[in-house]
Amino acid sequence: MSEIATDLPRQQPASVVTEGGLVRGLLIAVAIVFLALFLVLPLATVFVQAFAKGWDAYLAAFHEADAHAAIRLTLITAAIAVPFNLVFGVVASWAIAKFEFRGKNLLITLIDLPFSVSPVVSGLIYVLVFGSQGLIGPWLIEHDIQIIFAVPGIVLATIFVTFPFVARQLIPLMQEQGTAEEEAALTLGASGWHAFRTVTLPNIRWGLLYSVLLCNARAMGEFGAVSVVSGHIRGLTNTLPLHVEILYNEYNFVASFAVASLLAGLALVTLGLKSLLEWRYAGDIAASGRRH
Amino acid sequence: MKGSTAIRVENLSKTFDTAAVLHDLSLDVRAGELLALLGPSGSGKTTLLRIIAGLDFPDRGRIVFGAEDATRLPVQQRAVGFVFQHYALFKHMSVADNIAYGLNARKRADRPSKVEIKRRVGDLLDLIKLSGFADRYPSQLSGGQRQRIALARALAVEPRVLLLDEPFGALDAQVRKDLRRWLREIHDRTGQTTIFVTHDQDEALELSDRVAVLSRGRLEQIGTPDEVQEAPVSATVLKFLGDTIEVEAIAQGGQVRVDGRLTPVAAPPGLVGPVKLYARPWQLQFAESHEAHLHGTVRSSYRSQGRQRIEVDRPEGKTVVVEASDTARLPAGRPVGLRILAGHVFAG
């Protein structure tokens with residue numbers, strides 16, 4: 001035995017697809033340098049800048065009416081957009097995964113649309129429909145309904161942009177799970193709603209939570225589409241990302257980065273929770289590759 | 001009640017997209033019987049089962065439960081127990097919750113008390129011999145155990161008929177055999193009217209009171225395992241029920257000749273002229289050349305389930321399999337004669 005063992009080349013028992021040590025090290029180094037340069041460094045800068053003039057200056061950025069308004073508006077927007085997309089996402093994926101109907105592929109493609117459209121366009125389409133020069137703008141003005149440059153426009157644009165998150169996550173998951181469990185529940189006398197509550201929902205809960213998390217992060221962080229429809233009215237139609245931009249343009253760097261650190265913090269928390277879910281419930285979340 | 005008609009399937013037709021799956025199919029299911037729906041894949045047997053369950057609906061025809069027309073009755077109101085090939089257990093529920101699901105799903109007024117449900121679940125766990133498993137989860141069980149849980153779950157709602165879709169299809173051979181016997185025992189004990197779908201002839205013949213042989217959406221034959229084996233109504237049934245040897249023959253005056261030589265097989269009245277004779281591997285015997293119906297050379301021999309099987313190449317290119325009563329190994333290449341001892345003839 002020992003004779004044979006010493007004859008073998010003294011290398012690690014590497015699998016056939018593994019490169020040599022040098023190549024491996026180089027590739028890993030390149031990846032790490034890139035990550036540091038393009039992700040970690042900028043993110044760290046946000047916090048460094050935010051605390052450049054100390055803790056008090058940092059906190060002062062939030063003790064301000066406009067900042068309060070921006071936080072409130074961001075929370076309101078997410079509080080409407082996320083549940084809406086949650087319900088829509090579940091309904092759409094249920095329909096797509098469990099039923100056969102004509103135009104199914106078209107529906108899947110349409111759900112993906114917001115991902116492929118530039119956020120500016122997403123905002124503009126609402127201006128073109130609801131704006132004063134828009135399709136139904138005059139009618140809205142007549143009835144004293146303000147959508148563009150107001151909260152409803154911001155909510156609509158946010159809903160549009162975050163539309164695909166839940167549905168895209170759930171469709172492959174539900175398709176993989178098939179309909180046998182639901183059928184079993186129905187044969188046992190359960191109503192459709194009872195079967196949904198006790199069988200379907202528990203089966204998708206972690207995937208649902210995962211997608212809601214990502215949907216929420218995007219809803220709170222969306223800039224482009226919201227910027228177009230918001231009109232940047234301080235204290236009224238500014239969300240957090242827009243508030244950051246305004247402060248920055250006013251050379252108020254500390255306050256700007258302080259507010260930005262809030263969004264960065266949200267991103268980090270989301271990332272942490274997302275990783276936790278992936279690690280803990282990987283099988284329940286992913287039926288196909290994760291796209292986000 | 002036993003022996004009376006529990007379910008009547010009347011002139012059922014069903015088309016998926018453009019492919020017809022069931023053609024004008026009718027059959028009766030007797031109360032308390034264990035009926036096998038046997039057929040190759042694509043024969044429509046699973047579709048028929050799903051229509052009886054209310055998981056699919058027919059284009060034409062009726063399903064009658066007792067005296068009640070159930071054709072349009074929603075699945076929840078049919079009181080059927082359905083067991084799926086891949087179990088379809090609720091992954092996130094314990095074994096006990098799985099079994100109790102149907103009882104818990106009832107409206108408050110019809111729902112048994114918690115104590116009563118617990119007792120029923122306990123009884124069913126005893127019945128399927130998994131008493132200690134109430135708090136386990138499906139992922140902690142073997143395939144055979146899962147299928148037993150699925151059966152208990154279906155029985156818990158006291159269905160008027162139990163429907164099993166290839167219940168042993170996903171299990172390995174040994175577990176499959178054990179479960180077969182076990183299902184028969186459960187059936188004998190509960191007297192539950194049961195229909196099960198299978199493509200496995202042995203399973204259908206061993207387990208059922210009656211077998212319905214389906215082919216391309218039509219009912220070929222229905223009868224006891226003995227009836228369908230001893231008196232198959234068509235070559236399709238005969239061929240599907242086991243290995244067969246197909247031989248050209250001539251029928252005349254009730255007699256059948258192969259290669260000009262008389263066989264002991266009787267032709268049905270009216271069948272005259274060129275026919276096909278079908279025999280099982282054990283209905284052939286090695287014989288001297290002058291009394292043989294068939295001739296050929298030994299290609300190979302092997303043992304299958306304790307029996308000696310010999311492959312014989314016939315001059316026209318076909319290979320027939322013979323089951324030899326003697327254990328003598330015949331060397332490859334030896335010319336042999338075969339004599340037909342029994343068989344069936346159908347019009348060619």
# chains A, B, ... in the order shown; residues from 1 in each chain; ligands from 1
>>> residues_around(residues="Ala134 of chain B", least_positions_apart="3", cutoff="8 Å", atoms="only C-alpha atoms", output="ChimeraX atom specification")
/B:94-96,125,130-131
>>> write_last_selection(atoms="N, CA, C and O atoms", output="mmCIF file, in the first residue's frame")
data_model
loop_
_atom_site.group_PDB
_atom_site.id
_atom_site.type_symbol
_atom_site.label_atom_id
_atom_site.label_comp_id
_atom_site.auth_asym_id
_atom_site.auth_seq_id
_atom_site.Cartn_x
_atom_site.Cartn_y
_atom_site.Cartn_z
ATOM 1 N N SER B 94 -47.022 16.863 10.091
ATOM 2 C CA SER B 94 -46.638 15.583 10.682
ATOM 3 C C SER B 94 -47.529 14.484 10.114
ATOM 4 O O SER B 94 -48.561 14.761 9.491
ATOM 5 N N VAL B 95 -47.130 13.260 10.347
ATOM 6 C CA VAL B 95 -47.906 12.116 9.888
ATOM 7 C C VAL B 95 -49.332 12.195 10.425
ATOM 8 O O VAL B 95 -50.308 12.022 9.684
ATOM 9 N N ALA B 96 -49.461 12.520 11.718
ATOM 10 C CA ALA B 96 -50.797 12.580 12.322
ATOM 11 C C ALA B 96 -51.646 13.667 11.654
ATOM 12 O O ALA B 96 -52.827 13.453 11.357
ATOM 13 N N LEU B 125 -53.264 4.452 12.269
ATOM 14 C CA LEU B 125 -51.832 4.159 12.380
ATOM 15 C C LEU B 125 -51.619 2.710 12.784
ATOM 16 O O LEU B 125 -50.694 2.049 12.318
ATOM 17 N N LEU B 130 -47.955 1.577 11.706
ATOM 18 C CA LEU B 130 -46.952 2.637 11.883
ATOM 19 C C LEU B 130 -47.285 3.426 13.153
ATOM 20 O O LEU B 130 -47.198 4.646 13.192
ATOM 21 N N SER B 131 -47.640 2.698 14.195
ATOM 22 C CA SER B 131 -48.162 3.336 15.408
ATOM 23 C C SER B 131 -47.246 4.396 16.002
ATOM 24 O O SER B 131 -47.697 5.418 16.472
#
>>> residues_around(residues="Gln85 of chain B", least_positions_apart="5", cutoff="10 Å", atoms="only C-alpha atoms", output="ChimeraX atom specification")
/A:180 /B:147,150,164-171,197
>>> select_by_dssp(residues="segment 36-75 of chain B", states="strand (DSSP E)", output="list of chain:residue names")
B:Ala36, B:Leu37, B:Leu38, B:Arg60, B:Gly61, B:Arg62, B:Ile63, B:Val64, B:Phe65, B:Glu68, B:Asp69
>>> interface_residues(of="chain B", to="chain A", cutoff="10 Å", atoms="only C-alpha atoms", output="JSON, numbers by chain")
{"B": [53, 54, 55, 74, 75, 76, 77, 78, 79, 80, 81, 82, 83, 84, 85, 86, 87, 88, 89, 90, 91, 92, 93, 98, 99, 100, 101, 102, 103, 104, 105, 106, 107, 150, 153, 154, 155, 156, 157, 158, 159]}
>>> write_last_selection(atoms="N, CA and C atoms", output="compact mmCIF listing (two decimals), in the first residue's frame")
# COMPACT_ATOMS: atom_id res chain seq x y z
N ALA B 53 -62.82 10.13 -9.70
CA ALA B 53 -62.53 10.91 -8.50
C ALA B 53 -63.10 12.32 -8.57
N GLY B 54 -63.31 12.81 -9.80
CA GLY B 54 -63.75 14.20 -9.94
C GLY B 54 -62.59 15.15 -10.13
N LEU B 55 -61.41 14.62 -10.42
CA LEU B 55 -60.25 15.47 -10.70
C LEU B 55 -60.18 15.82 -12.18
N PRO B 74 -68.67 18.15 -7.66
CA PRO B 74 -67.28 18.55 -7.40
C PRO B 74 -66.55 17.51 -6.55
N VAL B 75 -65.25 17.49 -6.72
CA VAL B 75 -64.42 16.46 -6.09
C VAL B 75 -64.64 16.40 -4.58
N GLN B 76 -64.83 17.55 -3.95
CA GLN B 76 -64.95 17.57 -2.48
C GLN B 76 -66.16 16.80 -1.99
N GLN B 77 -67.22 16.78 -2.85
CA GLN B 77 -68.46 16.15 -2.40
C GLN B 77 -68.59 14.70 -2.82
N ARG B 78 -67.54 14.16 -3.46
CA ARG B 78 -67.68 12.79 -3.95
C ARG B 78 -67.35 11.75 -2.90
N ALA B 79 -66.68 12.17 -1.85
CA ALA B 79 -66.28 11.23 -0.79
C ALA B 79 -65.49 10.07 -1.37
N VAL B 80 -64.43 10.39 -2.11
CA VAL B 80 -63.54 9.36 -2.60
C VAL B 80 -62.21 9.50 -1.87
N GLY B 81 -61.53 8.39 -1.72
CA GLY B 81 -60.17 8.47 -1.18
C GLY B 81 -59.22 8.24 -2.33
N PHE B 82 -58.29 9.17 -2.53
CA PHE B 82 -57.41 9.04 -3.69
C PHE B 82 -55.98 8.89 -3.20
N VAL B 83 -55.28 7.89 -3.72
CA VAL B 83 -53.88 7.69 -3.35
C VAL B 83 -53.04 7.88 -4.61
N PHE B 84 -52.09 8.80 -4.54
CA PHE B 84 -51.31 9.18 -5.71
C PHE B 84 -50.04 8.33 -5.83
N GLN B 85 -49.57 8.21 -7.06
CA GLN B 85 -48.36 7.41 -7.29
C GLN B 85 -47.18 7.92 -6.47
N HIS B 86 -47.05 9.26 -6.43
CA HIS B 86 -45.92 9.82 -5.67
C HIS B 86 -46.39 10.36 -4.33
N TYR B 87 -47.36 9.70 -3.74
CA TYR B 87 -47.84 9.91 -2.36
C TYR B 87 -48.57 11.23 -2.15
N ALA B 88 -47.96 12.35 -2.64
CA ALA B 88 -48.57 13.67 -2.45
C ALA B 88 -48.91 13.93 -0.98
N LEU B 89 -48.04 13.49 -0.09
CA LEU B 89 -48.23 13.83 1.33
C LEU B 89 -47.94 15.31 1.52
N PHE B 90 -48.54 15.89 2.56
CA PHE B 90 -48.26 17.30 2.86
C PHE B 90 -46.94 17.37 3.61
N LYS B 91 -45.94 17.91 2.93
CA LYS B 91 -44.56 17.85 3.44
C LYS B 91 -44.38 18.55 4.78
N HIS B 92 -45.13 19.63 4.97
CA HIS B 92 -44.90 20.45 6.16
C HIS B 92 -45.75 20.00 7.34
N MET B 93 -46.49 18.89 7.17
CA MET B 93 -47.33 18.42 8.28
C MET B 93 -46.81 17.09 8.81
N ASN B 98 -51.28 14.84 8.65
CA ASN B 98 -51.60 14.38 7.31
C ASN B 98 -52.85 13.51 7.33
N ILE B 99 -52.86 12.55 8.23
CA ILE B 99 -53.99 11.61 8.29
C ILE B 99 -55.26 12.34 8.71
N ALA B 100 -55.12 13.32 9.60
CA ALA B 100 -56.30 14.02 10.11
C ALA B 100 -56.79 15.11 9.16
N TYR B 101 -56.05 15.35 8.07
CA TYR B 101 -56.35 16.51 7.22
C TYR B 101 -57.81 16.55 6.77
N GLY B 102 -58.29 15.43 6.25
CA GLY B 102 -59.65 15.39 5.73
C GLY B 102 -60.69 15.67 6.81
N LEU B 103 -60.44 15.19 8.02
CA LEU B 103 -61.38 15.43 9.12
C LEU B 103 -61.33 16.90 9.55
N ASN B 104 -60.12 17.46 9.62
CA ASN B 104 -59.96 18.85 10.02
C ASN B 104 -60.51 19.82 8.98
N ALA B 105 -60.58 19.36 7.73
CA ALA B 105 -61.04 20.25 6.65
C ALA B 105 -62.56 20.39 6.65
N ARG B 106 -63.23 19.55 7.45
CA ARG B 106 -64.70 19.61 7.43
C ARG B 106 -65.21 20.86 8.10
N LYS B 107 -66.43 21.22 7.74
CA LYS B 107 -67.07 22.36 8.40
C LYS B 107 -67.26 22.03 9.87
N ALA B 150 -50.24 7.67 3.08
CA ALA B 150 -51.17 8.22 2.08
C ALA B 150 -52.47 7.42 2.08
N ARG B 153 -54.46 8.30 5.17
CA ARG B 153 -55.04 9.62 5.01
C ARG B 153 -56.33 9.53 4.18
N ALA B 154 -56.27 8.70 3.13
CA ALA B 154 -57.45 8.54 2.28
C ALA B 154 -58.57 7.80 3.01
N LEU B 155 -58.19 6.81 3.84
CA LEU B 155 -59.21 6.03 4.55
C LEU B 155 -59.86 6.83 5.67
N ALA B 156 -59.16 7.84 6.19
CA ALA B 156 -59.63 8.58 7.36
C ALA B 156 -60.99 9.23 7.12
N VAL B 157 -61.27 9.63 5.88
CA VAL B 157 -62.53 10.31 5.61
C VAL B 157 -63.66 9.33 5.31
N GLU B 158 -63.38 8.04 5.53
CA GLU B 158 -64.35 6.98 5.27
C GLU B 158 -64.98 7.14 3.90
N PRO B 159 -64.17 7.03 2.85
CA PRO B 159 -64.66 7.26 1.50
C PRO B 159 -65.57 6.11 1.05
>>> residues_around(residues="Asp226 of chain B", least_positions_apart="3", cutoff="10 Å", atoms="only C-alpha atoms", output="list of chain:residue names")
B:Leu205, B:Asp209, B:Arg210, B:Val211, B:Gly223, B:Gln229, B:Glu230, B:Ala231, B:Pro232
>>> write_last_selection(atoms="all heavy atoms", output="JSON list (two decimals), in the first residue's frame")
[["chain", "number", "residue", "atom", "x", "y", "z"],
["B", 205, "LEU", "N", -53.24, -9.23, -11.45],
["B", 205, "LEU", "CA", -53.77, -10.59, -11.36],
["B", 205, "LEU", "C", -53.69, -11.13, -9.94],
["B", 205, "LEU", "O", -54.55, -11.86, -9.49],
["B", 205, "LEU", "CB", -53.02, -11.51, -12.33],
["B", 205, "LEU", "CG", -53.18, -11.14, -13.81],
["B", 205, "LEU", "CD1", -52.25, -11.96, -14.68],
["B", 205, "LEU", "CD2", -54.63, -11.32, -14.26],
["B", 209, "ASP", "N", -59.91, -8.66, -7.27],
["B", 209, "ASP", "CA", -61.04, -9.57, -7.44],
["B", 209, "ASP", "C", -61.40, -9.66, -8.91],
["B", 209, "ASP", "O", -61.74, -10.72, -9.41],
["B", 209, "ASP", "CB", -62.26, -9.04, -6.67],
["B", 209, "ASP", "CG", -62.01, -9.03, -5.18],
["B", 209, "ASP", "OD1", -61.38, -9.99, -4.70],
["B", 209, "ASP", "OD2", -62.41, -8.07, -4.51],
["B", 210, "ARG", "N", -61.38, -8.48, -9.56],
["B", 210, "ARG", "CA", -61.64, -8.45, -11.00],
["B", 210, "ARG", "C", -60.64, -7.52, -11.67],
["B", 210, "ARG", "O", -60.17, -6.57, -11.06],
["B", 210, "ARG", "CB", -63.06, -7.95, -11.28],
["B", 210, "ARG", "CG", -64.14, -8.96, -10.89],
["B", 210, "ARG", "CD", -65.45, -8.65, -11.57],
["B", 210, "ARG", "NE", -65.87, -7.27, -11.32],
["B", 210, "ARG", "CZ", -66.72, -6.61, -12.09],
["B", 210, "ARG", "NH1", -67.24, -7.20, -13.16],
["B", 210, "ARG", "NH2", -67.07, -5.37, -11.79],
["B", 211, "VAL", "N", -60.36, -7.82, -12.92],
["B", 211, "VAL", "CA", -59.43, -7.01, -13.69],
["B", 211, "VAL", "C", -60.18, -6.42, -14.87],
["B", 211, "VAL", "O", -60.91, -7.14, -15.56],
["B", 211, "VAL", "CB", -58.27, -7.88, -14.23],
["B", 211, "VAL", "CG1", -57.26, -7.01, -14.98],
["B", 211, "VAL", "CG2", -57.59, -8.62, -13.10],
["B", 223, "GLY", "N", -63.16, -9.06, -15.96],
["B", 223, "GLY", "CA", -63.48, -10.37, -15.40],
["B", 223, "GLY", "C", -62.53, -10.70, -14.27],
["B", 223, "GLY", "O", -61.62, -9.92, -13.95],
["B", 229, "GLN", "N", -57.38, -14.61, -17.81],
["B", 229, "GLN", "CA", -56.22, -15.41, -18.20],
["B", 229, "GLN", "C", -56.61, -16.63, -19.02],
["B", 229, "GLN", "O", -55.94, -16.98, -19.97],
["B", 229, "GLN", "CB", -55.46, -15.86, -16.95],
["B", 229, "GLN", "CG", -54.62, -14.76, -16.35],
["B", 229, "GLN", "CD", -53.87, -15.21, -15.12],
["B", 229, "GLN", "OE1", -52.69, -15.53, -15.18],
["B", 229, "GLN", "NE2", -54.58, -15.26, -14.00],
["B", 230, "GLU", "N", -57.73, -17.26, -18.62],
["B", 230, "GLU", "CA", -58.10, -18.50, -19.30],
["B", 230, "GLU", "C", -58.94, -18.26, -20.54],
["B", 230, "GLU", "O", -58.90, -19.05, -21.47],
["B", 230, "GLU", "CB", -58.84, -19.42, -18.33],
["B", 230, "GLU", "CG", -57.88, -20.14, -17.40],
["B", 230, "GLU", "CD", -58.57, -20.65, -16.14],
["B", 230, "GLU", "OE1", -59.81, -20.83, -16.18],
["B", 230, "GLU", "OE2", -57.87, -20.84, -15.13],
["B", 231, "ALA", "N", -59.69, -17.18, -20.54],
["B", 231, "ALA", "CA", -60.54, -16.92, -21.70],
["B", 231, "ALA", "C", -60.41, -15.47, -22.16],
["B", 231, "ALA", "O", -61.35, -14.70, -22.08],
["B", 231, "ALA", "CB", -62.01, -17.24, -21.37],
["B", 232, "PRO", "N", -59.24, -15.09, -22.61],
["B", 232, "PRO", "CA", -59.09, -13.71, -23.09],
["B", 232, "PRO", "C", -59.95, -13.50, -24.32],
["B", 232, "PRO", "O", -60.07, -14.40, -25.15],
["B", 232, "PRO", "CB", -57.60, -13.61, -23.42],
["B", 232, "PRO", "CG", -57.15, -15.01, -23.64],
["B", 232, "PRO", "CD", -58.00, -15.87, -22.77]]
>>> residues_around(residues="segment 284-299 of chain B", least_positions_apart="6", cutoff="7 Å", atoms="only C-alpha atoms", output="PyMOL selection string")
chain B and resi 258-259+261+311-315+322+324+331-341
>>> write_last_selection(atoms="N, CA and C atoms", output="compact mmCIF listing (two decimals), in the first residue's frame")
# COMPACT_ATOMS: atom_id res chain seq x y z
N VAL B 258 -51.21 -26.27 -37.47
CA VAL B 258 -50.00 -25.48 -37.68
C VAL B 258 -49.06 -26.30 -38.53
N ASP B 259 -48.63 -25.71 -39.62
CA ASP B 259 -47.71 -26.44 -40.51
C ASP B 259 -48.33 -27.76 -40.96
N ARG B 261 -50.12 -29.73 -39.33
CA ARG B 261 -50.28 -30.72 -38.27
C ARG B 261 -51.33 -30.27 -37.26
N GLU B 311 -34.57 -19.89 -25.64
CA GLU B 311 -34.92 -19.12 -26.83
C GLU B 311 -34.63 -19.96 -28.06
N VAL B 312 -35.64 -20.04 -28.92
CA VAL B 312 -35.48 -20.86 -30.13
C VAL B 312 -35.68 -19.97 -31.35
N ASP B 313 -34.67 -19.98 -32.25
CA ASP B 313 -34.80 -19.24 -33.51
C ASP B 313 -35.56 -20.08 -34.51
N ARG B 314 -36.63 -19.49 -35.06
CA ARG B 314 -37.36 -20.22 -36.08
C ARG B 314 -36.81 -19.83 -37.45
N PRO B 315 -36.98 -20.72 -38.42
CA PRO B 315 -36.34 -20.50 -39.74
C PRO B 315 -36.76 -19.16 -40.36
N VAL B 322 -39.44 -20.65 -24.89
CA VAL B 322 -40.11 -21.86 -24.40
C VAL B 322 -39.71 -22.06 -22.95
N ALA B 324 -39.10 -24.80 -20.36
CA ALA B 324 -38.91 -26.24 -20.36
C ALA B 324 -39.20 -26.81 -19.00
N PRO B 331 -27.63 -27.11 -25.69
CA PRO B 331 -26.55 -26.30 -26.25
C PRO B 331 -27.06 -25.43 -27.40
N ALA B 332 -26.49 -24.24 -27.52
CA ALA B 332 -26.87 -23.34 -28.60
C ALA B 332 -26.58 -24.00 -29.94
N GLY B 333 -27.47 -23.77 -30.90
CA GLY B 333 -27.26 -24.29 -32.23
C GLY B 333 -27.92 -25.63 -32.48
N ARG B 334 -28.40 -26.29 -31.42
CA ARG B 334 -29.03 -27.59 -31.64
C ARG B 334 -30.42 -27.42 -32.26
N PRO B 335 -30.72 -28.19 -33.31
CA PRO B 335 -32.07 -28.12 -33.89
C PRO B 335 -33.08 -28.80 -32.98
N VAL B 336 -34.21 -28.17 -32.80
CA VAL B 336 -35.25 -28.75 -31.94
C VAL B 336 -36.61 -28.64 -32.60
N GLY B 337 -37.53 -29.50 -32.15
CA GLY B 337 -38.92 -29.41 -32.57
C GLY B 337 -39.76 -29.01 -31.38
N LEU B 338 -40.83 -28.24 -31.63
CA LEU B 338 -41.70 -27.80 -30.54
C LEU B 338 -43.13 -28.21 -30.81
N ARG B 339 -43.78 -28.67 -29.76
CA ARG B 339 -45.15 -29.10 -29.89
C ARG B 339 -46.05 -28.17 -29.08
N ILE B 340 -47.15 -27.73 -29.68
CA ILE B 340 -48.07 -26.83 -28.98
C ILE B 340 -49.05 -27.65 -28.18
N LEU B 341 -49.11 -27.38 -26.87
CA LEU B 341 -49.98 -28.15 -25.99
C LEU B 341 -51.32 -27.46 -25.78
>>> atom_distance(atom1="atom CA of Ile250 of chain B", atom2="atom CA of Gly273 of chain B")
5.3 Å
>>> residues_around(residues="Glu323 of chain B", least_positions_apart="3", cutoff="12 Å", atoms="only C-alpha atoms", output="ChimeraX atom specification")
/B:243-245,279-286,301-312,320,326-329,338,340
>>> write_last_selection(atoms="N, CA, C and O atoms", output="CSV table (one decimal), in the first residue's frame")
chain,number,residue,atom,x,y,z
B,243,ASP,N,-46.0,-13.1,-21.6
B,243,ASP,CA,-45.3,-13.4,-22.8
B,243,ASP,C,-46.1,-14.4,-23.7
B,243,ASP,O,-46.7,-15.3,-23.2
B,244,THR,N,-46.1,-14.1,-25.0
B,244,THR,CA,-46.8,-15.0,-25.9
B,244,THR,C,-45.9,-15.4,-27.1
B,244,THR,O,-45.0,-14.6,-27.4
B,245,ILE,N,-46.3,-16.5,-27.7
B,245,ILE,CA,-45.7,-16.9,-28.9
B,245,ILE,C,-46.8,-16.8,-30.0
B,245,ILE,O,-47.9,-17.3,-29.7
B,279,ALA,N,-49.6,-18.8,-27.9
B,279,ALA,CA,-49.4,-19.8,-26.7
B,279,ALA,C,-48.4,-19.1,-25.8
B,279,ALA,O,-47.6,-18.2,-26.1
B,280,ARG,N,-48.5,-19.5,-24.5
B,280,ARG,CA,-47.6,-19.0,-23.5
B,280,ARG,C,-46.3,-19.9,-23.5
B,280,ARG,O,-46.4,-21.1,-24.0
B,281,PRO,N,-45.2,-19.4,-23.0
B,281,PRO,CA,-44.0,-20.2,-23.1
B,281,PRO,C,-44.1,-21.6,-22.4
B,281,PRO,O,-43.4,-22.5,-22.9
B,282,TRP,N,-45.0,-21.7,-21.5
B,282,TRP,CA,-45.2,-23.0,-20.8
B,282,TRP,C,-46.2,-23.9,-21.5
B,282,TRP,O,-46.5,-25.0,-21.1
B,283,GLN,N,-46.8,-23.4,-22.6
B,283,GLN,CA,-47.7,-24.2,-23.4
B,283,GLN,C,-47.0,-24.9,-24.6
B,283,GLN,O,-47.7,-25.3,-25.5
B,284,LEU,N,-45.7,-24.9,-24.6
B,284,LEU,CA,-44.9,-25.5,-25.6
B,284,LEU,C,-44.1,-26.6,-25.0
B,284,LEU,O,-43.7,-26.5,-23.8
B,285,GLN,N,-43.8,-27.6,-25.8
B,285,GLN,CA,-43.0,-28.7,-25.3
B,285,GLN,C,-42.0,-29.2,-26.4
B,285,GLN,O,-42.4,-29.1,-27.6
B,286,PHE,N,-40.8,-29.5,-26.0
B,286,PHE,CA,-39.9,-30.1,-27.0
B,286,PHE,C,-40.4,-31.4,-27.4
B,286,PHE,O,-40.9,-32.2,-26.6
B,301,SER,N,-30.2,-20.2,-23.5
B,301,SER,CA,-31.1,-20.6,-22.5
B,301,SER,C,-30.7,-19.9,-21.2
B,301,SER,O,-29.6,-19.6,-21.0
B,302,TYR,N,-31.7,-19.6,-20.4
B,302,TYR,CA,-31.4,-18.8,-19.1
B,302,TYR,C,-32.5,-19.2,-18.1
B,302,TYR,O,-33.5,-19.8,-18.4
B,303,ARG,N,-32.1,-18.9,-16.8
B,303,ARG,CA,-33.1,-19.1,-15.8
B,303,ARG,C,-33.8,-17.9,-15.4
B,303,ARG,O,-33.2,-16.8,-15.3
B,304,SER,N,-35.1,-17.9,-15.3
B,304,SER,CA,-35.9,-16.8,-14.8
B,304,SER,C,-36.8,-17.2,-13.8
B,304,SER,O,-37.7,-18.1,-14.0
B,305,GLN,N,-36.7,-16.7,-12.6
B,305,GLN,CA,-37.5,-17.0,-11.4
B,305,GLN,C,-37.6,-18.5,-11.2
B,305,GLN,O,-38.7,-19.1,-11.1
B,306,GLY,N,-36.4,-19.2,-11.3
B,306,GLY,CA,-36.4,-20.6,-11.0
B,306,GLY,C,-36.8,-21.5,-12.1
B,306,GLY,O,-36.8,-22.7,-12.0
B,307,ARG,N,-37.1,-20.9,-13.3
B,307,ARG,CA,-37.5,-21.8,-14.4
B,307,ARG,C,-36.5,-21.6,-15.5
B,307,ARG,O,-36.0,-20.6,-15.7
B,308,GLN,N,-36.4,-22.7,-16.3
B,308,GLN,CA,-35.5,-22.7,-17.4
B,308,GLN,C,-36.3,-22.2,-18.6
B,308,GLN,O,-37.3,-22.7,-19.0
B,309,ARG,N,-35.7,-21.2,-19.2
B,309,ARG,CA,-36.3,-20.6,-20.5
B,309,ARG,C,-35.3,-20.8,-21.6
B,309,ARG,O,-34.2,-20.5,-21.5
B,310,ILE,N,-35.8,-21.2,-22.7
B,310,ILE,CA,-35.0,-21.4,-23.9
B,310,ILE,C,-35.5,-20.6,-25.1
B,310,ILE,O,-36.7,-20.6,-25.4
B,311,GLU,N,-34.6,-19.9,-25.6
B,311,GLU,CA,-34.9,-19.1,-26.8
B,311,GLU,C,-34.6,-20.0,-28.1
B,311,GLU,O,-33.5,-20.5,-28.2
B,312,VAL,N,-35.6,-20.0,-28.9
B,312,VAL,CA,-35.5,-20.9,-30.1
B,312,VAL,C,-35.7,-20.0,-31.3
B,312,VAL,O,-36.7,-19.3,-31.5
B,320,VAL,N,-38.8,-17.6,-30.5
B,320,VAL,CA,-39.8,-17.9,-29.5
B,320,VAL,C,-39.2,-18.3,-28.2
B,320,VAL,O,-38.1,-18.9,-28.2
B,326,ASP,N,-38.2,-29.9,-18.1
B,326,ASP,CA,-36.9,-30.5,-17.6
B,326,ASP,C,-35.8,-29.5,-17.5
B,326,ASP,O,-35.9,-28.4,-18.2
B,327,THR,N,-34.9,-29.8,-16.7
B,327,THR,CA,-33.8,-28.8,-16.4
B,327,THR,C,-32.6,-28.9,-17.3
B,327,THR,O,-31.6,-28.2,-17.2
B,328,ALA,N,-32.7,-29.9,-18.2
B,328,ALA,CA,-31.5,-30.1,-19.1
B,328,ALA,C,-31.2,-28.9,-19.9
B,328,ALA,O,-32.0,-28.3,-20.5
B,329,ARG,N,-29.9,-28.5,-19.9
B,329,ARG,CA,-29.5,-27.3,-20.7
B,329,ARG,C,-29.3,-27.8,-22.1
B,329,ARG,O,-28.5,-28.7,-22.4
B,338,LEU,N,-40.8,-28.2,-31.6
B,338,LEU,CA,-41.7,-27.8,-30.5
B,338,LEU,C,-43.1,-28.2,-30.8
B,338,LEU,O,-43.6,-28.1,-31.9
B,340,ILE,N,-47.2,-27.7,-29.7
B,340,ILE,CA,-48.1,-26.8,-29.0
B,340,ILE,C,-49.0,-27.7,-28.2
B,340,ILE,O,-49.7,-28.5,-28.7
>>> residues_around(residues="Ile96 of chain A", least_positions_apart="5", cutoff="9 Å", atoms="only C-alpha atoms", output="list in words")
Val91, Phe101, Lys104, Asn105, Leu107, Ile108, Ile171, Met174 and Gln175 of chain A
>>> residues_around(residues="segment 1-11 of chain B", least_positions_apart="4", cutoff="9 Å", atoms="only C-alpha atoms", output="list of chain:residue names")
B:His23, B:Asp24, B:Leu25, B:Ser26, B:Leu27, B:Asp28, B:Val29, B:Arg30, B:Ala31, B:Gly32, B:Glu33, B:Ile52, B:Arg60, B:Gly61, B:Arg62, B:Ile63, B:Val64, B:Phe65, B:Gly66, B:Ala67, B:Arg160, B:Val161, B:Gly191, B:Thr193
